[in-house]
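Peer 1: Below is a structure I'd like to ask you about.
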Amino acid sequence: MTNLDQLADAHLTAARAAENGRSTEIVLHDGPLRQTVIAIKTGVELGEHNSPPAASVHVLRGRVVITGMEGDEEIGAGELRVLAHHRHAVRALEDAAFLLTTVTSIDEESHR
């Protein structure tokens with residue numbers, strides 16, 4: 001079992017000490033499903049990138065802004081946002097930790 005509260009706190013501590021202001025850990029990897037805890041310090045941005053076939057961000061601590069989709073969207077602790085299939089970036093408005101859930105490939109036939 002994974003305790004997300006403990007992981008969020010540990011990775012925030014690591015991100016604050018890291019030169020690049022971030023810390024990550026894959027906490028679940030099951031076939032195409034991945035869940036990663038990501039912590040970033042205030043002002044740090046995960047540069048613009050493409051979304052995988054399916055993805056969501058669940059903010060565990062702090063606040064982030066997701067840019068480049070349907071405009072900028074701020075989300076805070078306890079909030080969950082599905083990522084649309086657009087290029088986007090994530091920037092910390094305050095020290096933040098979030099759970100990124102991705103599905104890296106989908107067999108269309110098995111999901112009909």
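By convention in this document, the chains of the structure tokens carry letters A, B, ... by their order, each chain's residues are numbered from 1, and ligands are numbered from 1 in the order they are shown.
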Quick one: which stretch 35-84 of chain A residues come within 9 Å of stretch 6-15 of chain A, and what is the nearest atom pair for each with the distance in Å to one decimal, counting only C-alpha atoms, rows ordered by chain and ascending number, as JSON lines?
Peer 2:
{"residue": "A:Val37", "atom": "CA", "partner": "A:Ala8", "partner_atom": "CA", "distance": 7.0}
{"residue": "A:Ile38", "atom": "CA", "partner": "A:His11", "partner_atom": "CA", "distance": 7.2}
{"residue": "A:Ala39", "atom": "CA", "partner": "A:Leu12", "partner_atom": "CA", "distance": 5.3}
{"residue": "A:Ile40", "atom": "CA", "partner": "A:Ala15", "partner_atom": "CA", "distance": 5.8}
{"residue": "A:Lys41", "atom": "CA", "partner": "A:Ala15", "partner_atom": "CA", "distance": 6.3}
{"residue": "A:Leu60", "atom": "CA", "partner": "A:Ala8", "partner_atom": "CA", "distance": 6.8}
{"residue": "A:Arg61", "atom": "CA", "partner": "A:Ala8", "partner_atom": "CA", "distance": 7.1}
Peer 1: Just want the 8 Å neighbourhood of A:Leu83, counted on only C-alpha atoms, with same-chain residues fewer than 5 positions away dropped. Output as a list in words.
Peer 2: Ser51, Ala54, Ala55, Ser56 and Val57 of chain A
Peer 1: In Å, with one decimal, what is the gap from atom CA of A:Val27 to atom CA of A:Thr67?
Peer 2: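 Separation of atom CA of A:Val27 and atom CA of A:Thr67: 25.2 Å.
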Peer 1: So, with only C-alpha atoms as the atoms that count, which of A:Met1, A:Val103, A:Ala96, A:Leu33 lies closest to A:Arg16?
Peer 2: A:Ala96
Peer 1: Can you work out the spacing between atom CA of A:Thr24 and atom CA of A:Asp72 in Å, to one decimal?
Peer 2: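 Between atom CA of A:Thr24 and atom CA of A:Asp72 the gap is 23.4 Å.
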Peer 1: To test your reading of the structure, identify every residue in stretch 2-80 of chain A that backbone DSSP assigns to strand (DSSP E), and report it as a PyMOL selection string.
Peer 2: chain A and resi 22-30+33-40+45-49+54-61+63-69+71-76+80
Peer 1: Extract, using only C-alpha atoms, all DNA, RNA and protein residues at most 12 Å from A:Ala77, discarding same-chain residues fewer than 2 positions from it, and format them as a list in words.
Peer 2: Asp5, Ala8, Val57, His58, Val59, Leu60, Arg61, Gly62, Arg63, Val64, Val65, Glu74, Ile75, Glu79, Leu80, Arg81, Ala92, Leu93, Glu94, Asp95, Ala96, Ala97, Phe98 and Leu99 of chain A
Peer 1: A:Ala18, A:Ile66, A:Leu100, A:Leu4: which is nearest A:Gly47, counting only C-alpha atoms?
Peer 2: A:Ile66
Peer 1: Nearest to A:Glu19 among A:Gly78, A:His85, A:Thr101, A:Val44, with distances taken over only C-alpha atoms: which residue is it?
Peer 2: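 Checking each candidate against A:Glu19, we get A:Val44 as the closest.
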Peer 1: Enumerate as a CSV table (one decimal) with N, CA and C atoms, in the first residue's frame all residues of chain A assigned to alpha helix (DSSP H) by DSSP on the backbone, naming them with the chain letters and numbers the document uses.
Peer 2:
chain,number,residue,atom,x,y,z
A,4,LEU,N,0.0,8.3,0.1
A,4,LEU,CA,0.2,9.5,-0.8
A,4,LEU,C,0.6,10.7,0.1
A,5,ASP,N,0.0,10.8,1.3
A,5,ASP,CA,0.3,12.0,2.1
A,5,ASP,C,1.8,12.0,2.5
A,6,GLN,N,2.3,10.8,2.9
A,6,GLN,CA,3.7,10.7,3.2
A,6,GLN,C,4.6,11.0,2.0
A,7,LEU,N,4.2,10.4,0.9
A,7,LEU,CA,5.0,10.6,-0.3
A,7,LEU,C,5.0,12.1,-0.7
A,8,ALA,N,3.9,12.7,-0.7
A,8,ALA,CA,3.8,14.2,-1.0
A,8,ALA,C,4.8,15.0,-0.1
A,9,ASP,N,4.7,14.7,1.2
A,9,ASP,CA,5.6,15.5,2.1
A,9,ASP,C,7.0,15.2,1.8
A,10,ALA,N,7.4,13.9,1.6
A,10,ALA,CA,8.8,13.5,1.4
A,10,ALA,C,9.3,14.2,0.1
A,11,HIS,N,8.5,14.2,-0.9
A,11,HIS,CA,8.9,14.7,-2.2
A,11,HIS,C,9.0,16.2,-2.2
A,12,LEU,N,8.1,16.9,-1.5
A,12,LEU,CA,8.2,18.3,-1.3
A,12,LEU,C,9.5,18.7,-0.6
A,13,THR,N,9.8,18.0,0.4
A,13,THR,CA,11.1,18.2,1.1
A,13,THR,C,12.3,18.0,0.1
A,14,ALA,N,12.2,17.0,-0.7
A,14,ALA,CA,13.3,16.7,-1.6
A,14,ALA,C,13.3,17.8,-2.7
A,15,ALA,N,12.2,18.2,-3.2
A,15,ALA,CA,12.1,19.3,-4.2
A,15,ALA,C,12.7,20.6,-3.7
A,16,ARG,N,12.4,20.9,-2.5
A,16,ARG,CA,12.9,22.2,-1.9
A,16,ARG,C,14.4,22.2,-1.8
A,17,ALA,N,15.0,21.0,-1.6
A,17,ALA,CA,16.5,20.9,-1.5
A,17,ALA,C,17.1,20.7,-2.9
Peer 1: Find the residue from A:Thr102, A:Ala84, A:His49, A:Gly43 that sits nearest to A:Ile26; use only C-alpha atoms when measuring.
Peer 2: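 Closest to A:Ile26 of all the choices is A:Thr102.
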Peer 1: Work out how far atom CA of A:Glu25 is from atom CA of A:Arg87, in Å to one decimal.
Peer 2: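 Distance reported for this atom pair: 22.5 Å.
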Peer 1: Between A:Val82, A:Asn3, A:Thr36, A:Thr42, which residue has the minimum interatomic distance to A:Asn20, considering only C-alpha atoms?
Peer 2: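 Of all the options, A:Thr42 lies closest to A:Asn20.
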Peer 1: Name the closest residue to A:Glu73 among the candidates A:Pro53, A:Glu45, A:Thr104, A:Ala89; distances are taken between atoms, counting only C-alpha atoms.
Peer 2: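 Of A:Pro53, A:Glu45, A:Thr104, A:Ala89, the one nearest A:Glu73, counting only C-alpha atoms, is A:Ala89.
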